[in-house]
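Asker: Pasting work-v3.txt below, which is compact mmCIF, C-alpha atoms (C1' of nucleotides).
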# COMPACT_ATOMS: atom_id res chain seq x y z
CA MET A 1341 69.36 172.99 105.82
CA LYS A 1342 66.76 171.02 107.80
CA ILE A 1343 67.59 168.35 110.35
CA GLY A 1344 67.04 165.44 107.99
CA GLU A 1345 69.66 166.67 105.62
CA LEU A 1346 72.08 167.52 108.41
CA ALA A 1347 71.63 164.04 109.80
CA LYS A 1348 72.32 162.45 106.46
CA ARG A 1349 75.31 164.62 105.72
CA SER A 1350 76.84 164.27 109.16
CA GLY A 1351 76.09 160.58 109.51
CA GLN A 1352 74.46 161.18 112.88
CA THR A 1353 70.89 160.54 113.96
CA GLN A 1354 68.33 163.29 114.24
CA SER A 1355 67.70 162.41 117.86
CA ARG A 1356 71.37 162.80 118.59
CA ILE A 1357 71.51 166.19 116.91
CA ARG A 1358 68.50 167.35 118.90
CA PHE A 1359 70.11 165.92 122.03
CA TYR A 1360 73.26 167.93 121.42
CA GLU A 1361 71.16 171.03 121.07
CA ARG A 1362 69.32 170.24 124.30
CA ILE A 1363 72.53 169.98 126.29
CA GLY A 1364 73.87 173.17 124.79
CA LEU A 1365 76.50 171.60 122.59
CA LEU A 1366 75.11 172.63 119.24
CA LYS A 1367 73.77 176.15 119.24
CA LEU A 1368 74.08 176.80 115.53
CA VAL A 1369 70.40 176.42 114.85
CA ASP A 1370 67.48 178.65 113.95
CA ARG A 1371 63.77 178.07 113.68
CA ARG A 1372 61.51 178.65 110.75
CA SER A 1373 58.05 180.01 111.31
CA ASN A 1374 56.68 176.47 111.24
CA GLY A 1375 58.96 175.42 114.09
CA TYR A 1376 61.35 173.43 111.93
CA ARG A 1377 65.01 173.66 112.87
CA THR A 1378 67.25 175.12 110.24
CA TYR A 1379 71.01 174.81 110.23
CA PRO A 1380 73.80 176.77 108.59
CA PRO A 1381 76.47 174.70 106.80
CA GLU A 1382 78.81 175.39 109.71
CA ALA A 1383 76.75 173.06 111.87
CA LEU A 1384 78.32 170.26 109.89
CA VAL A 1385 81.73 171.49 110.98
CA VAL A 1386 80.70 171.51 114.61
CA LEU A 1387 79.19 168.02 114.48
CA ASN A 1388 82.36 166.78 112.92
CA LEU A 1389 84.43 168.39 115.65
CA ILE A 1390 82.29 166.81 118.34
CA ASP A 1391 82.61 163.43 116.72
CA THR A 1392 86.36 163.63 116.45
CA ALA A 1393 86.82 164.83 120.00
CA GLN A 1394 84.52 162.12 121.28
CA SER A 1395 86.29 159.32 119.55
CA ALA A 1396 89.47 160.66 121.09
CA GLY A 1397 87.96 160.01 124.49
CA PHE A 1398 86.61 163.38 125.54
CA THR A 1399 83.28 163.56 127.29
CA LEU A 1400 80.56 165.83 125.97
CA ASP A 1401 81.15 168.02 129.00
CA GLU A 1402 84.78 168.47 128.12
CA ILE A 1403 83.87 169.09 124.52
CA ARG A 1404 81.46 171.79 125.54
CA GLN A 1405 84.37 173.63 127.13
CA MET A 1406 86.37 173.40 123.93
CA VAL A 1407 83.92 174.02 121.16
CA PRO A 1408 82.89 177.65 120.94
CA SER A 1409 79.17 177.89 121.41
CA ASP A 1410 78.78 180.38 118.69
CA LEU A 1411 80.87 180.29 115.57
CA ASP A 1412 79.90 183.90 115.06
CA GLU A 1413 82.40 184.74 117.73
CA TRP A 1414 85.00 183.51 115.35
CA LYS A 1415 83.89 186.11 112.90
CA HIS A 1416 84.97 188.98 115.07
CA ASP A 1417 87.71 190.02 117.43
CA GLY A 1418 89.13 186.78 118.73
CA LEU A 1419 89.33 184.83 115.53
CA LEU A 1420 93.03 184.23 115.70
CA ASP A 1421 92.80 183.39 119.38
CA ALA A 1422 90.06 180.93 118.65
CA LEU A 1423 92.07 179.26 115.95
CA ARG A 1424 95.14 179.06 118.17
CA ALA A 1425 92.99 177.64 120.92
CA LYS A 1426 91.76 175.07 118.48
CA VAL A 1427 95.31 174.07 117.68
CA ALA A 1428 95.98 173.66 121.39
CA GLU A 1429 92.85 171.55 121.74
CA ILE A 1430 93.94 169.33 118.92
CA ALA A 1431 97.33 168.99 120.56
CA ALA A 1432 95.54 167.86 123.71
CA LEU A 1433 93.62 165.29 121.71
CA GLU A 1434 96.82 164.08 120.17
CA ALA A 1435 98.47 163.77 123.56
CA LYS A 1436 95.62 161.66 124.83
CA LEU A 1437 95.76 159.40 121.80
CA LYS A 1438 99.51 159.13 121.99
CA ASN A 1439 99.21 158.02 125.57
CA SER A 1440 96.62 155.39 124.75
CA LYS A 1441 98.67 154.10 121.88
CA ALA A 1442 101.80 153.91 123.97
CA GLN A 1443 100.01 151.84 126.59
CA ILE A 1444 98.71 149.42 124.02
CA LYS A 1445 102.04 149.12 122.28
CA ARG A 1446 103.74 148.40 125.56
CA LEU A 1447 101.35 145.53 126.08
CA ILE A 1448 101.85 144.22 122.57
CA ALA A 1449 105.61 144.33 122.94
CA GLU A 1450 105.38 142.55 126.25
CA ILE A 1451 103.32 139.79 124.73
CA GLU A 1452 105.36 139.44 121.58
CA ALA A 1453 108.69 139.32 123.34
CA LYS A 1454 108.44 135.66 124.05
CA PRO A 1455 111.39 133.42 123.36
CA ASP A 1456 110.47 130.79 120.77
CA ASP A 1457 111.21 127.88 123.04
CA MET A 1458 108.53 128.96 125.41
CA ASP A 1459 104.99 127.82 124.89
CA CYS A 1460 101.93 129.98 125.28
CA LYS A 1461 101.24 128.91 128.81
CA ASP A 1462 104.68 129.71 130.08
CA ASN A 1463 104.65 132.92 128.15
CA ALA A 1464 101.46 134.00 129.77
CA ARG A 1465 102.90 133.29 133.17
CA ARG A 1466 106.07 135.17 132.35
CA ILE A 1467 104.12 138.22 131.24
CA MET A 1468 102.02 138.03 134.34
CA ALA A 1469 105.06 137.82 136.55
CA ASN A 1470 106.63 140.67 134.67
CA MET A 1471 103.62 142.89 134.93
CA LEU A 1472 103.17 141.98 138.54
CA VAL A 1473 106.60 143.37 139.25
CA GLU A 1474 105.83 146.49 137.27
CA THR A 1475 102.49 147.17 138.76
CA THR A 1476 103.42 146.55 142.34
CA ARG A 1477 106.66 148.46 142.19
CA MET B 1131 95.11 138.66 150.19
CA LYS B 1132 91.69 139.92 151.22
CA ILE B 1133 89.67 142.45 149.27
CA GLY B 1134 90.70 145.40 151.40
CA GLU B 1135 94.34 144.90 150.63
CA LEU B 1136 93.68 144.24 146.96
CA ALA B 1137 91.69 147.44 146.80
CA LYS B 1138 94.46 149.42 148.41
CA ARG B 1139 97.19 147.91 146.29
CA SER B 1140 95.27 148.21 143.03
CA GLY B 1141 93.93 151.65 143.75
CA GLN B 1142 90.41 150.49 142.96
CA THR B 1143 87.39 150.38 145.19
CA GLN B 1144 86.13 147.20 146.80
CA SER B 1145 82.75 147.66 145.18
CA ARG B 1146 84.38 147.86 141.80
CA ILE B 1147 86.38 144.70 142.40
CA ARG B 1148 83.23 142.87 143.49
CA PHE B 1149 81.46 144.27 140.46
CA TYR B 1150 84.12 142.89 138.13
CA GLU B 1151 83.71 139.52 139.75
CA ARG B 1152 79.94 139.70 139.36
CA ILE B 1153 80.16 140.35 135.64
CA GLY B 1154 82.69 137.58 135.19
CA LEU B 1155 85.70 139.74 134.55
CA LEU B 1156 87.75 138.79 137.59
CA LYS B 1157 87.58 135.12 138.36
CA LEU B 1158 90.85 134.86 140.23
CA VAL B 1159 89.20 134.63 143.60
CA ASP B 1160 88.59 132.01 146.27
CA ARG B 1161 86.55 131.94 149.42
CA ARG B 1162 87.65 131.23 152.94
CA SER B 1163 85.43 129.24 155.21
CA ASN B 1164 84.09 132.47 156.67
CA GLY B 1165 82.94 133.66 153.27
CA TYR B 1166 85.68 136.22 152.83
CA ARG B 1167 87.11 136.59 149.33
CA THR B 1168 90.78 135.79 148.98
CA TYR B 1169 92.93 136.74 146.02
CA PRO B 1170 96.21 135.51 144.58
CA PRO B 1171 98.81 138.17 143.72
CA GLU B 1172 97.95 137.75 140.03
CA ALA B 1173 94.62 139.40 140.66
CA LEU B 1174 96.56 142.63 140.91
CA VAL B 1175 97.88 142.06 137.41
CA VAL B 1176 94.44 141.41 136.04
CA LEU B 1177 93.03 144.53 137.63
CA ASN B 1178 95.86 146.49 136.14
CA LEU B 1179 95.22 144.96 132.74
CA ILE B 1180 91.58 145.87 132.92
CA ASP B 1181 92.45 149.39 133.87
CA THR B 1182 94.94 149.81 131.07
CA ALA B 1183 92.62 148.36 128.48
CA GLN B 1184 89.82 150.56 129.68
CA SER B 1185 91.82 153.74 129.46
CA ALA B 1186 92.76 152.67 125.98
CA GLY B 1187 89.09 152.75 125.08
CA PHE B 1188 88.03 149.12 125.40
CA THR B 1189 84.69 148.32 126.95
CA LEU B 1190 84.47 145.75 129.73
CA ASP B 1191 82.76 143.46 127.25
CA GLU B 1192 85.68 143.66 124.87
CA ILE B 1193 88.07 143.16 127.74
CA ARG B 1194 86.22 140.05 128.80
CA GLN B 1195 86.79 138.59 125.35
CA MET B 1196 90.49 139.30 125.60
CA VAL B 1197 91.24 138.32 129.15
CA PRO B 1198 89.63 134.93 129.75
CA SER B 1199 88.89 133.44 133.12
CA ASP B 1200 91.87 131.21 133.29
CA LEU B 1201 95.13 132.99 132.82
CA ASP B 1202 96.72 129.76 131.69
CA GLU B 1203 94.42 129.73 128.70
CA TRP B 1204 95.00 133.28 127.77
CA LYS B 1205 93.63 133.87 124.30
CA HIS B 1206 96.91 135.20 123.18
CA ASP B 1207 96.12 135.70 119.50
CA GLY B 1208 92.75 137.26 120.10
CA LEU B 1209 94.29 139.70 122.48
CA LEU B 1210 97.03 140.66 120.06
CA ASP B 1211 94.53 141.13 117.25
CA ALA B 1212 92.35 143.33 119.38
CA LEU B 1213 95.29 145.40 120.52
CA ARG B 1214 96.60 145.85 116.98
CA ALA B 1215 93.17 146.86 115.74
CA LYS B 1216 93.00 149.45 118.47
CA VAL B 1217 96.39 150.85 117.54
CA ALA B 1218 95.29 151.14 113.94
CA GLU B 1219 92.15 152.93 115.00
CA ILE B 1220 94.13 155.39 117.06
CA ALA B 1221 96.60 155.94 114.26
CA ALA B 1222 93.74 156.83 111.94
CA LEU B 1223 92.41 159.33 114.42
CA GLU B 1224 95.85 160.79 114.88
CA ALA B 1225 96.23 161.24 111.17
CA LYS B 1226 92.92 163.03 111.03
CA LEU B 1227 93.89 165.33 113.85
CA LYS B 1228 97.31 166.01 112.40
CA ASN B 1229 95.65 167.04 109.18
CA SER B 1230 93.17 169.30 110.92
CA LYS B 1231 95.91 170.93 112.92
CA ALA B 1232 97.98 171.57 109.83
CA GLN B 1233 95.02 173.12 108.07
CA ILE B 1234 94.23 175.41 110.95
CA LYS B 1235 97.84 176.45 111.25
CA ARG B 1236 97.84 177.23 107.58
CA LEU B 1237 94.78 179.37 108.09
CA ILE B 1238 96.43 181.21 110.94
CA ALA B 1239 99.42 181.96 108.78
CA GLU B 1240 97.10 183.11 106.01
CA ILE B 1241 95.23 185.46 108.28
CA GLU B 1242 98.35 186.85 109.81
CA ALA B 1243 99.79 187.59 106.41
CA LYS B 1244 96.58 189.25 105.31
CA PRO B 1245 96.80 192.82 104.11
CA ASP B 1246 94.15 195.11 105.55
CA ASP B 1247 92.35 195.50 102.28
CA MET B 1248 89.81 192.86 103.25
CA ASP B 1249 87.41 193.54 106.07
CA CYS B 1250 86.92 191.24 108.98
CA LYS B 1251 83.60 189.89 107.87
CA ASP B 1252 84.70 188.80 104.44
CA ASN B 1253 87.84 187.32 105.83
CA ALA B 1254 85.87 185.29 108.33
CA ARG B 1255 83.52 184.04 105.67
CA ARG B 1256 86.43 182.90 103.59
CA ILE B 1257 87.85 181.03 106.56
CA MET B 1258 84.62 179.28 107.43
CA ALA B 1259 84.16 178.23 103.84
CA ASN B 1260 87.65 176.84 103.97
CA MET B 1261 87.03 174.76 107.07
CA LEU B 1262 83.75 173.56 105.74
CA VAL B 1263 85.47 172.16 102.72
CA GLU B 1264 88.08 170.51 104.90
CA THR B 1265 85.70 168.81 107.24
CA THR B 1266 83.26 167.54 104.69
CA ARG B 1267 85.90 166.21 102.42
C1' DC C 831 41.96 166.39 99.94
C1' DT C 832 44.40 162.64 101.12
C1' DT C 833 48.70 160.14 101.44
C1' DG C 834 53.47 159.83 102.60
C1' DA C 835 57.52 161.93 103.87
C1' DC C 836 58.96 165.08 106.66
C1' DC C 837 59.14 167.77 111.15
C1' DC C 838 57.90 168.79 116.40
C1' DT C 839 57.88 167.90 121.81
C1' DA C 840 58.00 165.66 126.23
C1' DA C 841 58.95 161.97 128.71
C1' DA C 842 60.12 157.39 129.40
C1' DC C 843 63.51 153.93 128.45
C1' DT C 844 68.27 151.91 127.69
C1' DT C 845 73.18 150.47 128.47
C1' DA C 846 77.58 150.77 130.67
C1' DG C 847 79.92 151.08 134.60
C1' DC C 848 79.86 151.68 138.61
C1' DT C 849 78.40 153.46 143.89
C1' DT C 850 75.55 153.58 147.95
C1' DA C 851 72.49 151.82 151.35
C1' DA C 852 70.73 148.60 154.49
C1' DA C 853 71.37 144.99 157.34
C1' DG C 854 74.23 141.98 159.11
C1' DG C 855 78.48 138.36 160.14
C1' DT C 856 83.81 138.02 161.60
C1' DT C 857 88.01 139.11 163.83
C1' DA C 858 91.76 141.52 166.18
C1' DT C 859 92.70 144.35 170.18
C1' DG C 860 92.63 146.42 174.87
C1' DC D 703 83.68 140.94 176.13
C1' DA D 704 83.06 145.19 173.90
C1' DT D 705 84.09 147.74 170.08
C1' DA D 706 86.25 149.01 165.91
C1' DA D 707 87.64 147.52 161.72
C1' DC D 708 87.08 144.27 158.79
C1' DC D 709 84.07 141.35 155.68
C1' DT D 710 79.28 139.71 153.44
C1' DT D 711 74.83 140.22 150.35
C1' DT D 712 71.02 142.23 147.84
C1' DA D 713 68.96 145.90 145.84
C1' DA D 714 68.46 150.32 144.64
C1' DG D 715 70.56 154.53 142.78
C1' DC D 716 73.42 157.36 139.68
C1' DT D 717 75.74 159.53 135.43
C1' DA D 718 76.65 159.67 130.59
C1' DA D 719 75.05 159.52 126.25
C1' DG D 720 71.83 158.79 123.83
C1' DT D 721 67.17 156.19 121.79
C1' DT D 722 62.38 155.21 121.68
C1' DT D 723 57.63 156.18 122.09
C1' DA D 724 53.42 158.60 121.88
C1' DG D 725 50.92 161.99 119.96
C1' DG D 726 50.87 165.42 116.99
C1' DG D 727 51.85 169.31 113.13
C1' DT D 728 53.57 170.53 108.01
C1' DC D 729 54.15 170.08 103.24
C1' DA D 730 54.46 168.45 98.38
C1' DA D 731 52.41 165.35 95.05
C1' DG D 732 48.67 163.21 92.77
Have the structure of the file written as structure tokens, please.

Answerer:
Amino acid sequence: MKIGELAKRSGQTQSRIRFYERIGLLKLVDRRSNGYRTYPPEALVVLNLIDTAQSAGFTLDEIRQMVPSDLDEWKHDGLLDALRAKVAEIAALEAKLKNSKAQIKRLIAEIEAKPDDMDCKDNARRIMANMLVETTR
Amino acid sequence: MKIGELAKRSGQTQSRIRFYERIGLLKLVDRRSNGYRTYPPEALVVLNLIDTAQSAGFTLDEIRQMVPSDLDEWKHDGLLDALRAKVAEIAALEAKLKNSKAQIKRLIAEIEAKPDDMDCKDNARRIMANMLVETTR
DNA sequence: CTTGACCCTAAACTTAGCTTAAAGGTTATG
DNA sequence: CATAACCTTTAAGCTAAGTTTAGGGTCAAG
């Protein structure tokens, strides 16, 4: 498919897709004789992977380490290894998210745990005092 | 405390602390007659809050909405809403990742249980087709 | 054979979130 | 009273992750 279609189907801009190619993140691309880029359907998979990893807080640099440059490599010897690696990568993503979520939930709990007889002002001060102890300990 | 101590105790650089002040994120600061900044202990809490929120994926702009200048007027409900929204967002991502991981694991099992009557190339094609369906669905 | 919807490149621009540099004032210590 | 270790400001610089712009080619339809 051409870049316009890939953009539409992936929900990403053409400039972004070209940018990913420029920085060596998306290598699944060929050229027609007229210079037009042409993508295999797998490019959609890779773009999706990048997107997911990014929204989980990985930088493009980190993602470049994780995403195999050439899906063709998957077609030969190390396919199982690649898949297992992918599972490990996903586990890493999950760990990162879990961490983030835990932090946020801790904050929420801290804020919600106000006794009813305490107004917002006092509550804020209590949380502050509490966190001060935590963070300076 | 002066900025050097705050920097040491918060683990952040002085330039960063000054930067936060410049963009209106850290207003808990006074000046001595000599021009030196002086901070109350609560500043440490605020810096910690900023740090936590940031590592949870909030931008400084979002954080400024949540943590207003005056701690006594903490926008309690806005903060809670923002935090809950973030948790939901993370949960969605986690679900997506969990799904992907399960699919890949299934594929691994499939490949491992594969009799040798199918050559590597065909097997690979089948797998890619499988992932393509997963990710575009 | 022209018009509009595509595609191309290179380079400049943007935003967020800082850091570094330059040039100087303040203060504690021997 | 020198000197090191603090503090100040303003302005420029940097990295990441793209977007925008300028100036063109390509292609299908009428």

Asker: I need every residue sitting at most 6 Å from the point (85.6, 141.1, 159.8) (coordinates as in the file, only C-alpha atoms (C1' of nucleotides) considered), written as an NGL selection string.

Answerer: (:C and (856-857)) or (:D and (708-709))

Asker: Neighbouring residues of segment 719-725 of chain D were defined as those with any atom within 9 Å, considering all atoms listed in the file; residues of the same chain fewer than 3 positions away were excluded. Please report them as a list in words.

Answerer: Ser1355, Arg1356, Phe1359 and Leu1400 of chain A; DA841, DA842, DC843 and DT844 of chain C

Asker: Counting all atoms listed in the file, a student should be able to say which residues of chain A come within 12 Å of chain D; what is the right answer, written as a VMD selection string?

Answerer: chain A and resid 1352 to 1360 1362 to 1363 1372 to 1376 1394 1398 to 1401

Asker: So the first atom is atom CA of Ile1193 of chain B and the second is atom CA of Ile1403 of chain A; what is the distance between them in Å, to one decimal place?

Answerer: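 Interatomic distance here is 26.5 Å.
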
Asker: What does the structure give for the distance between atom CA of Ala1218 of chain B and atom CA of Lys1445 of chain A, in Å to one decimal?

Answerer: 10.9 Å

Asker: Could you tell me which residues of chain C sit within 10 Å of chain B when counting all atoms listed in the file, and give me the result as a ChimeraX atom specification?

Answerer: /C:846-850,855-856

Asker: Would you output that residue set with C-alpha atoms (C1' of nucleotides), as a short mmCIF file (atom, residue, chain, number, x, y, z; two decimals), in the frame of the given file?

Answerer:
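Dumped to again-v4.cif:
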data_model
loop_
_atom_site.label_atom_id
_atom_site.label_comp_id
_atom_site.auth_asym_id
_atom_site.auth_seq_id
_atom_site.Cartn_x
_atom_site.Cartn_y
_atom_site.Cartn_z
"C1'" DA C 846 77.58 150.77 130.67
"C1'" DG C 847 79.92 151.08 134.60
"C1'" DC C 848 79.86 151.68 138.61
"C1'" DT C 849 78.40 153.46 143.89
"C1'" DT C 850 75.55 153.58 147.95
"C1'" DG C 855 78.48 138.36 160.14
"C1'" DT C 856 83.81 138.02 161.60
#

Asker: For Glu1402 of chain A, find every residue with an atom within 12 Å (counting all atoms listed in the file), except residues of its own chain fewer than 5 positions away, and show them as a ChimeraX atom specification.

Answerer: /A:1365,1390,1393-1394,1396-1397,1407-1408,1429,1432-1433

Asker: Generate a file of the selected residues that holds C-alpha atoms, formatted as a CSV table (one decimal), in the frame of the given file.

Answerer:
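Below you can see selection19.csv, which holds the result:
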chain,number,residue,atom,x,y,z
A,1365,LEU,CA,76.5,171.6,122.6
A,1390,ILE,CA,82.3,166.8,118.3
A,1393,ALA,CA,86.8,164.8,120.0
A,1394,GLN,CA,84.5,162.1,121.3
A,1396,ALA,CA,89.5,160.7,121.1
A,1397,GLY,CA,88.0,160.0,124.5
A,1407,VAL,CA,83.9,174.0,121.2
A,1408,PRO,CA,82.9,177.6,120.9
A,1429,GLU,CA,92.8,171.6,121.7
A,1432,ALA,CA,95.5,167.9,123.7
A,1433,LEU,CA,93.6,165.3,121.7

Asker: Between atom CA of Ala1215 of chain B and atom CA of Leu1177 of chain B, what is the distance, to one decimal in Å?

Answerer: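 The value is 22.0 Å.
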
Asker: Find, counting all atoms listed in the file, the residue in A:Glu1450, A:Val1427, A:Pro1380, A:Ala1347 that gets nearest to chain B.

Answerer: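 Going through A:Glu1450, A:Val1427, A:Pro1380, A:Ala1347 one by one, the smallest distance to chain B is for A:Val1427.
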
Asker: Which residue is closest to chain A? Choose from B:Lys1132, B:Lys1138, B:Lys1157, B:Arg1167 and count only C-alpha atoms.

Answerer: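 Of B:Lys1132, B:Lys1138, B:Lys1157, B:Arg1167, the one nearest chain A is B:Lys1138, counting only C-alpha atoms.
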
Asker: Point out the residue among A:Gly1351, A:Glu1382, A:Arg1404, A:Ala1449 with the least atom-to-atom distance to chain B, counting only C-alpha atoms.

Answerer: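 Looking only at the distances to chain B, the closest residue turns out to be A:Glu1382.
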
Asker: Given 8 Å of margin on each side, can you work out the centre and size in Å (one decimal) of an axis-aligned box holding every listed atom of segment 713-717 of chain D, as lines of an AutoDock Vina configuration file?

Answerer:
center_x = 72.1
center_y = 152.7
center_z = 140.6
size_x = 23.3
size_y = 29.6
size_z = 26.4

Asker: Nearest residue to chain B out of A:Gly1364, A:Glu1434, A:Asp1391, A:Glu1345, using all atoms listed in the file?

Answerer: A:Glu1434
